[in-house]
>>> print(open('model-v1.pdb').read())   # PDB, C-alpha atoms
MODEL        1
ATOM      1  CA  MET F   1     118.232 101.414 106.626
ATOM      2  CA  LEU F   2     120.109 104.093 104.675
ATOM      3  CA  LEU F   3     123.888 104.030 104.957
ATOM      4  CA  LYS F   4     126.204 107.034 104.835
ATOM      5  CA  SER F   5     129.660 106.829 103.298
ATOM      6  CA  PHE F   6     132.136 108.860 101.272
ATOM      7  CA  GLY F   7     133.480 108.605  97.745
ATOM      8  CA  LEU F   8     137.058 107.533  97.075
ATOM      9  CA  GLY F   9     138.181 110.486  94.950
ATOM     10  CA  GLN F  10     140.821 113.058  95.841
ATOM     11  CA  HIS F  11     138.009 115.329  96.993
ATOM     12  CA  THR F  12     135.521 113.097  98.776
ATOM     13  CA  ILE F  13     131.769 113.541  98.533
ATOM     14  CA  ALA F  14     129.066 112.307 100.874
ATOM     15  CA  LEU F  15     127.172 109.280  99.568
ATOM     16  CA  THR F  16     123.868 107.748 100.604
ATOM     17  CA  ARG F  17     123.544 103.997 100.053
ATOM     18  CA  GLN F  18     120.288 102.093 100.082
ATOM     19  CA  SER F  19     121.329  99.367 102.526
ATOM     20  CA  ALA F  20     124.019  96.895 103.466
ATOM     21  CA  ALA F  21     122.260  94.371 101.233
ATOM     22  CA  TYR F  22     122.412  96.701  98.201
ATOM     23  CA  PRO F  23     125.417  99.006  98.691
ATOM     24  CA  GLU F  24     125.706  99.438  94.907
ATOM     25  CA  ASN F  25     122.493 101.462  95.003
ATOM     26  CA  VAL F  26     123.923 104.860  95.810
ATOM     27  CA  ARG F  27     122.925 108.519  95.596
ATOM     28  CA  TRP F  28     124.562 111.892  95.930
ATOM     29  CA  ALA F  29     123.912 115.476  94.908
ATOM     30  CA  LYS F  30     126.328 118.038  93.542
ATOM     31  CA  GLY F  31     125.424 121.403  92.106
ATOM     32  CA  PRO F  32     122.166 121.255  90.138
ATOM     33  CA  VAL F  33     122.180 117.463  89.713
ATOM     34  CA  THR F  34     121.157 114.428  91.746
ATOM     35  CA  TYR F  35     123.104 111.280  90.815
ATOM     36  CA  ILE F  36     121.670 107.777  91.221
ATOM     37  CA  GLY F  37     123.554 104.479  90.898
ATOM     38  CA  LEU F  38     121.535 101.290  90.387
ATOM     39  CA  ASN F  39     122.568  97.628  90.288
ATOM     40  CA  ILE F  40     121.067  96.740  86.907
ATOM     41  CA  PRO F  41     123.354  94.324  85.001
ATOM     42  CA  GLY F  42     123.211  93.069  81.458
ATOM     43  CA  SER F  43     122.020  89.687  80.210
ATOM     44  CA  ASP F  44     118.326  90.483  80.739
ATOM     45  CA  ASN F  45     118.875  91.949  84.225
ATOM     46  CA  ASN F  46     120.728  88.772  85.212
ATOM     47  CA  PHE F  47     117.466  86.825  85.189
ATOM     48  CA  ALA F  48     118.471  83.184  85.538
ATOM     49  CA  ASP F  49     116.805  80.532  83.410
ATOM     50  CA  GLY F  50     119.124  77.688  84.321
ATOM     51  CA  GLY F  51     121.553  78.610  81.531
ATOM     52  CA  LYS F  52     124.617  80.842  81.593
ATOM     53  CA  ASN F  53     123.142  83.097  84.306
ATOM     54  CA  GLY F  54     123.107  80.262  86.816
ATOM     55  CA  PRO F  55     120.580  78.004  88.566
ATOM     56  CA  ALA F  56     117.045  79.193  87.888
ATOM     57  CA  ALA F  57     115.529  79.139  91.394
ATOM     58  CA  GLU F  58     118.359  80.954  93.156
ATOM     59  CA  GLY F  59     118.904  83.388  90.304
ATOM     60  CA  GLN F  60     115.258  84.320  89.982
ATOM     61  CA  ALA F  61     114.980  84.938  93.723
ATOM     62  CA  GLU F  62     118.039  87.194  93.517
ATOM     63  CA  TYR F  63     116.552  89.045  90.537
ATOM     64  CA  ALA F  64     113.166  89.553  92.199
ATOM     65  CA  ALA F  65     114.616  91.008  95.408
ATOM     66  CA  ARG F  66     117.170  93.198  93.600
ATOM     67  CA  ASN F  67     114.624  94.426  91.073
ATOM     68  CA  ALA F  68     112.248  95.493  93.848
ATOM     69  CA  ALA F  69     115.105  97.290  95.625
ATOM     70  CA  ASN F  70     116.128  99.031  92.386
ATOM     71  CA  LEU F  71     112.620 100.314  91.721
ATOM     72  CA  GLU F  72     112.327 101.584  95.287
ATOM     73  CA  TRP F  73     115.714 103.325  95.018
ATOM     74  CA  LEU F  74     114.786 104.911  91.689
ATOM     75  CA  ARG F  75     111.623 106.377  93.201
ATOM     76  CA  ALA F  76     113.550 107.561  96.261
ATOM     77  CA  GLY F  77     116.180 109.178  94.036
ATOM     78  CA  PHE F  78     113.672 111.244  92.126
ATOM     79  CA  ALA F  79     111.960 112.231  95.375
ATOM     80  CA  ALA F  80     115.335 113.418  96.677
ATOM     81  CA  ALA F  81     115.969 115.330  93.439
ATOM     82  CA  LYS F  82     112.651 117.132  93.737
ATOM     83  CA  ALA F  83     113.285 117.935  97.394
ATOM     84  CA  ALA F  84     116.703 119.357  96.482
ATOM     85  CA  HIS F  85     115.217 121.346  93.561
ATOM     86  CA  SER F  86     117.696 119.646  91.227
ATOM     87  CA  LYS F  87     117.570 120.667  87.587
ATOM     88  CA  GLY F  88     118.888 117.324  86.420
ATOM     89  CA  VAL F  89     119.081 113.660  87.362
ATOM     90  CA  MET F  90     121.815 111.313  86.172
ATOM     91  CA  ILE F  91     121.282 107.562  86.541
ATOM     92  CA  VAL F  92     124.209 105.175  86.073
ATOM     93  CA  ILE F  93     123.763 101.458  85.383
ATOM     94  CA  GLN F  94     125.615  98.670  83.571
ATOM     95  CA  ALA F  95     122.935  97.222  81.309
ATOM     96  CA  ASP F  96     121.990  98.431  77.846
ATOM     97  CA  MET F  97     118.240  98.083  78.244
ATOM     98  CA  TRP F  98     117.602  98.969  74.589
ATOM     99  CA  ASP F  99     120.055  96.596  72.897
ATOM    100  CA  PRO F 100     118.090  95.219  69.909
ATOM    101  CA  THR F 101     120.271  92.118  69.769
ATOM    102  CA  ALA F 102     119.622  91.028  73.367
ATOM    103  CA  THR F 103     116.668  89.809  75.422
ATOM    104  CA  GLN F 104     115.026  92.750  77.202
ATOM    105  CA  THR F 105     112.103  91.089  79.012
ATOM    106  CA  HIS F 106     113.230  91.756  82.588
ATOM    107  CA  TYR F 107     113.887  95.453  82.125
ATOM    108  CA  ALA F 108     110.194  96.231  81.607
ATOM    109  CA  ASP F 109     109.613  97.251  85.252
ATOM    110  CA  THR F 110     112.593  99.596  85.167
ATOM    111  CA  LYS F 111     111.560 101.231  81.890
ATOM    112  CA  LYS F 112     108.030 101.780  83.195
ATOM    113  CA  GLU F 113     109.334 103.373  86.400
ATOM    114  CA  LEU F 114     111.774 105.515  84.405
ATOM    115  CA  PHE F 115     108.856 106.730  82.305
ATOM    116  CA  LEU F 116     106.723 107.541  85.341
ATOM    117  CA  GLN F 117     109.507 109.338  87.207
ATOM    118  CA  THR F 118     110.956 111.188  84.206
ATOM    119  CA  THR F 119     107.643 112.543  82.969
ATOM    120  CA  ALA F 120     106.819 113.747  86.494
ATOM    121  CA  PHE F 121     110.197 115.526  86.816
ATOM    122  CA  ASN F 122     110.542 119.135  85.688
ATOM    123  CA  GLY F 123     114.126 118.849  84.515
ATOM    124  CA  LYS F 124     116.535 116.809  82.406
ATOM    125  CA  VAL F 125     117.200 113.118  82.983
ATOM    126  CA  VAL F 126     120.233 111.256  81.668
ATOM    127  CA  LEU F 127     120.839 107.526  81.931
ATOM    128  CA  VAL F 128     124.429 106.338  81.399
ATOM    129  CA  ASN F 129     125.075 102.670  80.632
ATOM    130  CA  GLY F 130     127.850 100.439  79.373
ATOM    131  CA  ASP F 131     127.310  96.874  78.203
ATOM    132  CA  SER F 132     127.124  97.457  74.415
ATOM    133  CA  HIS F 133     130.673  98.874  74.377
ATOM    134  CA  SER F 134     130.293 101.599  71.748
ATOM    135  CA  PHE F 135     129.510 105.287  72.188
ATOM    136  CA  GLU F 136     125.911 106.256  71.495
ATOM    137  CA  MET F 137     123.613 109.058  72.566
ATOM    138  CA  ASP F 138     119.895 108.781  71.861
ATOM    139  CA  LYS F 139     116.373 109.138  73.253
ATOM    140  CA  PRO F 140     115.012 105.583  73.503
ATOM    141  CA  LEU F 141     112.461 106.085  76.303
ATOM    142  CA  THR F 142     108.903 106.319  74.999
ATOM    143  CA  ASP F 143     105.363 106.388  76.324
ATOM    144  CA  TYR F 144     102.739 103.728  75.809
ATOM    145  CA  ALA F 145     100.657 105.418  73.112
ATOM    146  CA  THR F 146      99.700 103.428  70.036
ATOM    147  CA  THR F 147      99.362 106.638  67.995
ATOM    148  CA  ASN F 148     101.814 109.466  68.575
ATOM    149  CA  ALA F 149     101.333 113.239  68.487
ATOM    150  CA  ALA F 150     102.017 113.283  64.743
ATOM    151  CA  GLY F 151      99.154 110.881  64.171
ATOM    152  CA  LEU F 152     101.488 108.064  63.191
ATOM    153  CA  ALA F 153     101.568 104.548  64.580
ATOM    154  CA  GLY F 154     103.815 104.143  67.589
ATOM    155  CA  PRO F 155     104.646 105.840  70.881
ATOM    156  CA  ASN F 156     105.889 109.334  71.694
ATOM    157  CA  VAL F 157     109.526 109.949  72.629
ATOM    158  CA  VAL F 158     110.050 111.234  76.190
ATOM    159  CA  GLU F 159     111.928 114.394  75.268
ATOM    160  CA  ASN F 160     113.573 115.211  78.608
ATOM    161  CA  PHE F 161     115.250 111.766  78.792
ATOM    162  CA  THR F 162     118.618 111.079  77.135
ATOM    163  CA  ARG F 163     120.590 107.837  77.165
ATOM    164  CA  VAL F 164     124.394 107.697  76.773
ATOM    165  CA  THR F 165     126.210 104.419  76.125
ATOM    166  CA  THR F 166     129.913 104.555  76.923
ATOM    167  CA  PHE F 167     132.882 103.035  75.118
ATOM    168  CA  GLY F 168     134.251  99.608  76.010
ATOM    169  CA  GLU F 169     135.706  96.307  74.859
ATOM    170  CA  ALA F 170     137.368  96.972  71.450
ATOM    171  CA  GLN F 171     136.771 100.737  71.729
ATOM    172  CA  ASN F 172     138.864 101.795  74.714
ATOM    173  CA  HIS F 173     138.117 105.494  74.963
ATOM    174  CA  TRP F 174     136.222 107.646  77.455
ATOM    175  CA  VAL F 175     133.377 110.112  77.813
ATOM    176  CA  SER F 176     133.202 113.232  79.968
ATOM    177  CA  VAL F 177     130.222 115.360  80.874
ATOM    178  CA  THR F 178     129.935 119.073  81.568
ATOM    179  CA  VAL F 179     127.174 120.174  83.934
ATOM    180  CA  ASN F 180     125.973 123.753  83.582
ATOM    181  CA  ALA F 181     122.994 124.967  85.576
ATOM    182  CA  ASN F 182     122.573 127.874  83.149
ATOM    183  CA  ASP F 183     122.369 125.617  80.094
ATOM    184  CA  PRO F 184     118.782 124.527  79.361
ATOM    185  CA  ASN F 185     120.139 121.049  78.566
ATOM    186  CA  ILE F 186     122.123 120.893  81.865
ATOM    187  CA  PHE F 187     124.348 118.093  80.496
ATOM    188  CA  THR F 188     126.829 118.215  77.599
ATOM    189  CA  PHE F 189     128.719 115.035  76.717
ATOM    190  CA  HIS F 190     132.153 114.857  75.121
ATOM    191  CA  PRO F 191     133.613 111.617  73.675
ATOM    192  CA  HIS F 192     137.422 111.447  73.941
ATOM    193  CA  LEU F 193     139.408 109.136  71.658
ATOM    194  CA  VAL F 194     142.673 107.732  72.999
ATOM    195  CA  ALA F 195     145.104 107.828  70.066
ATOM    196  CA  ALA F 196     146.982 104.712  71.187
ATOM    197  CA  ASN F 197     143.724 102.734  71.164
ATOM    198  CA  ILE F 198     142.526 103.661  67.672
ATOM    199  CA  SER F 199     142.490 100.629  65.401
ATOM    200  CA  ALA F 200     144.593 100.231  62.285
ATOM    201  CA  TYR F 201     141.928 100.226  59.595
ATOM    202  CA  THR F 202     141.783  97.737  56.747
ATOM    203  CA  PRO F 203     140.861  99.182  53.333
ATOM    204  CA  PRO F 204     138.419  97.326  51.090
ATOM    205  CA  ALA F 205     139.893  94.764  48.732
TER     206      ALA F 205
ENDMDL
END
>>> encode(input="model-v1.pdb", output="structure tokens")
Amino acid sequence: MLLKSFGLGQHTIALTRQSAAYPENVRWAKGPVTYIGLNIPGSDNNFADGGKNGPAAEGQAEYAARNAANLEWLRAGFAAAKAAHSKGVMIVIQADMWDPTATQTHYADTKKELFLQTTAFNGKVVLVNGDSHSFEMDKPLTDYATTNAAGLAGPNVVENFTRVTTFGEAQNHWVSVTVNANDPNIFTFHPHLVAANISAYTPPA
């Protein structure tokens, strides 16, 4: 059952939450954009193998139920965006699902659903994540082609999807976004460096 609540900012906004079981899965709309929050953590979507993510049986049951809820909420979010005639969708998660140094096996369902929903959406889609702790903006979502439009080996980039990784850990800065319905890109991101948090650099020997 959907839950209604309000944000905690100075000017509150109405929020729709998926359920009492998954209150982190949230949605709201403002201006030309529908915003979707999903409970997708790092460490391979918190899939437990009996190691650092906890006991395997309990952890895998938690993953399976949460993953199914996330996929359902992602589909519902895009349906809501289409119904609202939104020009953009912003999805916010914790995990860096494209970190080349980490296991990515249990993000496959999410990436597939992102592909299906993004390519069926006539607007811009942005996914914001943390986890890797350094600012990055790229287009990592691709299709499943073995030969791309240029005739080269490999998939095609999904052009209306952009991923932004925020600062964190040793880089304590912040990122803002400007939303403009009249801009074809809808979203413009601005990294902001906090002077007090800039490292003292060591020159080469």
>>> resolve_selection(input="model-v1.pdb", expression="the PyMOL selection byres ((chain F and resi 93) around 8)", output="PyMOL selection string")
chain F and resi 37-41+91-92+94-95+127-130
>>> atom_distance(input="model-v1.pdb", atom1="CA of Thr16 in chain F", atom2="CA of Lys4 in chain F")
4.9 Å
>>> resolve_selection(input="model-v1.pdb", expression="the PyMOL selection byres ((chain F and resi 25) around 9)", output="compact mmCIF listing (two decimals) with C-alpha atoms, in the coordinates of the input")
# COMPACT_ATOMS: atom_id res chain seq x y z
CA THR F 16 123.87 107.75 100.60
CA ARG F 17 123.54 104.00 100.05
CA GLN F 18 120.29 102.09 100.08
CA SER F 19 121.33 99.37 102.53
CA TYR F 22 122.41 96.70 98.20
CA PRO F 23 125.42 99.01 98.69
CA GLU F 24 125.71 99.44 94.91
CA VAL F 26 123.92 104.86 95.81
CA ARG F 27 122.92 108.52 95.60
CA ILE F 36 121.67 107.78 91.22
CA GLY F 37 123.55 104.48 90.90
CA LEU F 38 121.54 101.29 90.39
CA ASN F 39 122.57 97.63 90.29
CA ALA F 69 115.10 97.29 95.62
CA ASN F 70 116.13 99.03 92.39
CA TRP F 73 115.71 103.32 95.02
>>> atom_distance(input="model-v1.pdb", atom1="CA of Thr105 in chain F", atom2="CA of Phe167 in chain F")
24.3 Å
>>> closest_residue(input="model-v1.pdb", among="F:Pro32, F:Pro155, F:Gly7, F:Pro191", to="Met90 in chain F", atoms="only C-alpha atoms")
F:Pro32
>>> resolve_selection(input="model-v1.pdb", expression="the PyMOL selection byres ((chain F and resi 80) around 12)", output="PDB file with C-alpha atoms, in the coordinates of the input")
ATOM      1  CA  THR F  16     123.868 107.748 100.604  1.00  0.00           C
ATOM      2  CA  ARG F  27     122.925 108.519  95.596  1.00  0.00           C
ATOM      3  CA  TRP F  28     124.562 111.892  95.930  1.00  0.00           C
ATOM      4  CA  ALA F  29     123.912 115.476  94.908  1.00  0.00           C
ATOM      5  CA  VAL F  33     122.180 117.463  89.713  1.00  0.00           C
ATOM      6  CA  THR F  34     121.157 114.428  91.746  1.00  0.00           C
ATOM      7  CA  TYR F  35     123.104 111.280  90.815  1.00  0.00           C
ATOM      8  CA  ILE F  36     121.670 107.777  91.221  1.00  0.00           C
ATOM      9  CA  TRP F  73     115.714 103.325  95.018  1.00  0.00           C
ATOM     10  CA  LEU F  74     114.786 104.911  91.689  1.00  0.00           C
ATOM     11  CA  ARG F  75     111.623 106.377  93.201  1.00  0.00           C
ATOM     12  CA  ALA F  76     113.550 107.561  96.261  1.00  0.00           C
ATOM     13  CA  GLY F  77     116.180 109.178  94.036  1.00  0.00           C
ATOM     14  CA  PHE F  78     113.672 111.244  92.126  1.00  0.00           C
ATOM     15  CA  ALA F  79     111.960 112.231  95.375  1.00  0.00           C
ATOM     16  CA  ALA F  81     115.969 115.330  93.439  1.00  0.00           C
ATOM     17  CA  LYS F  82     112.651 117.132  93.737  1.00  0.00           C
ATOM     18  CA  ALA F  83     113.285 117.935  97.394  1.00  0.00           C
ATOM     19  CA  ALA F  84     116.703 119.357  96.482  1.00  0.00           C
ATOM     20  CA  HIS F  85     115.217 121.346  93.561  1.00  0.00           C
ATOM     21  CA  SER F  86     117.696 119.646  91.227  1.00  0.00           C
ATOM     22  CA  LYS F  87     117.570 120.667  87.587  1.00  0.00           C
ATOM     23  CA  GLY F  88     118.888 117.324  86.420  1.00  0.00           C
ATOM     24  CA  VAL F  89     119.081 113.660  87.362  1.00  0.00           C
ATOM     25  CA  GLN F 117     109.507 109.338  87.207  1.00  0.00           C
ATOM     26  CA  PHE F 121     110.197 115.526  86.816  1.00  0.00           C
TER      27      PHE F 121
END
>>> closest_residue(input="model-v1.pdb", among="F:Asp138, F:Asp131, F:Glu159, F:Glu113", to="Asp96 in chain F", atoms="only C-alpha atoms")
F:Asp131
>>> axis_aligned_box(input="model-v1.pdb", around="range 126-142 of chain F", padding_each_side="5 Å", output="JSON")
{"center_x": 119.8, "center_y": 104.1, "center_z": 76.7, "size_x": 31.8, "size_y": 24.4, "size_z": 20.4}
>>> atom_distance(input="model-v1.pdb", atom1="CA of Pro184 in chain F", atom2="CA of Ala149 in chain F")
23.5 Å
>>> closest_residue(input="model-v1.pdb", among="F:Thr202, F:Thr165, F:Thr110, F:Gln10", to="Glu72 in chain F", atoms="all atoms listed in the file")
F:Thr110
>>> closest_residue(input="model-v1.pdb", among="F:Asn160, F:Asn197, F:Thr142, F:Asn172", to="Asn122 in chain F", atoms="all atoms listed in the file")
F:Asn160
>>> residues_around(input="model-v1.pdb", residues="Asn45 in chain F", least_positions_apart="2", cutoff="9 Å", atoms="all atoms listed in the file", output="list in words")
Ile40, Pro41, Gly42, Ser43, Phe47, Ala48, Tyr63, Asn67, Ala95, Met97, Gln104, Thr105, His106 and Tyr107 of chain F
>>> write_last_selection(input="model-v1.pdb", atoms="C-alpha atoms", output="PDB file, in the frame of the given file")
ATOM      1  CA  ILE F  40     121.067  96.740  86.907  1.00  0.00           C
ATOM      2  CA  PRO F  41     123.354  94.324  85.001  1.00  0.00           C
ATOM      3  CA  GLY F  42     123.211  93.069  81.458  1.00  0.00           C
ATOM      4  CA  SER F  43     122.020  89.687  80.210  1.00  0.00           C
ATOM      5  CA  PHE F  47     117.466  86.825  85.189  1.00  0.00           C
ATOM      6  CA  ALA F  48     118.471  83.184  85.538  1.00  0.00           C
ATOM      7  CA  TYR F  63     116.552  89.045  90.537  1.00  0.00           C
ATOM      8  CA  ASN F  67     114.624  94.426  91.073  1.00  0.00           C
ATOM      9  CA  ALA F  95     122.935  97.222  81.309  1.00  0.00           C
ATOM     10  CA  MET F  97     118.240  98.083  78.244  1.00  0.00           C
ATOM     11  CA  GLN F 104     115.026  92.750  77.202  1.00  0.00           C
ATOM     12  CA  THR F 105     112.103  91.089  79.012  1.00  0.00           C
ATOM     13  CA  HIS F 106     113.230  91.756  82.588  1.00  0.00           C
ATOM     14  CA  TYR F 107     113.887  95.453  82.125  1.00  0.00           C
TER      15      TYR F 107
END
>>> decode(input="model-v1.pdb", residues="range 89-110 of chain F", atoms="C-alpha atoms", output="CSV table (one decimal), in the first residue's frame")
chain,number,residue,atom,x,y,z
F,89,VAL,CA,13.4,11.6,-14.3
F,90,MET,CA,16.1,11.7,-11.6
F,91,ILE,CA,16.8,8.5,-9.8
F,92,VAL,CA,18.9,8.6,-6.5
F,93,ILE,CA,20.6,5.5,-5.1
F,94,GLN,CA,23.7,4.7,-3.0
F,95,ALA,CA,25.5,2.1,-5.1
F,96,ASP,CA,27.9,2.7,-7.9
F,97,MET,CA,26.7,0.0,-10.2
F,98,TRP,CA,29.5,0.6,-12.7
F,99,ASP,CA,32.5,0.6,-10.4
F,100,PRO,CA,35.1,-1.5,-12.3
F,101,THR,CA,36.9,-2.4,-9.1
F,102,ALA,CA,33.8,-4.0,-7.4
F,103,THR,CA,31.6,-7.0,-8.0
F,104,GLN,CA,28.5,-6.0,-10.1
F,105,THR,CA,26.7,-9.3,-10.5
F,106,HIS,CA,23.5,-8.4,-8.5
F,107,TYR,CA,22.9,-5.1,-10.3
F,108,ALA,CA,22.1,-6.8,-13.6
F,109,ASP,CA,18.3,-6.8,-13.0
F,110,THR,CA,18.4,-3.1,-12.2
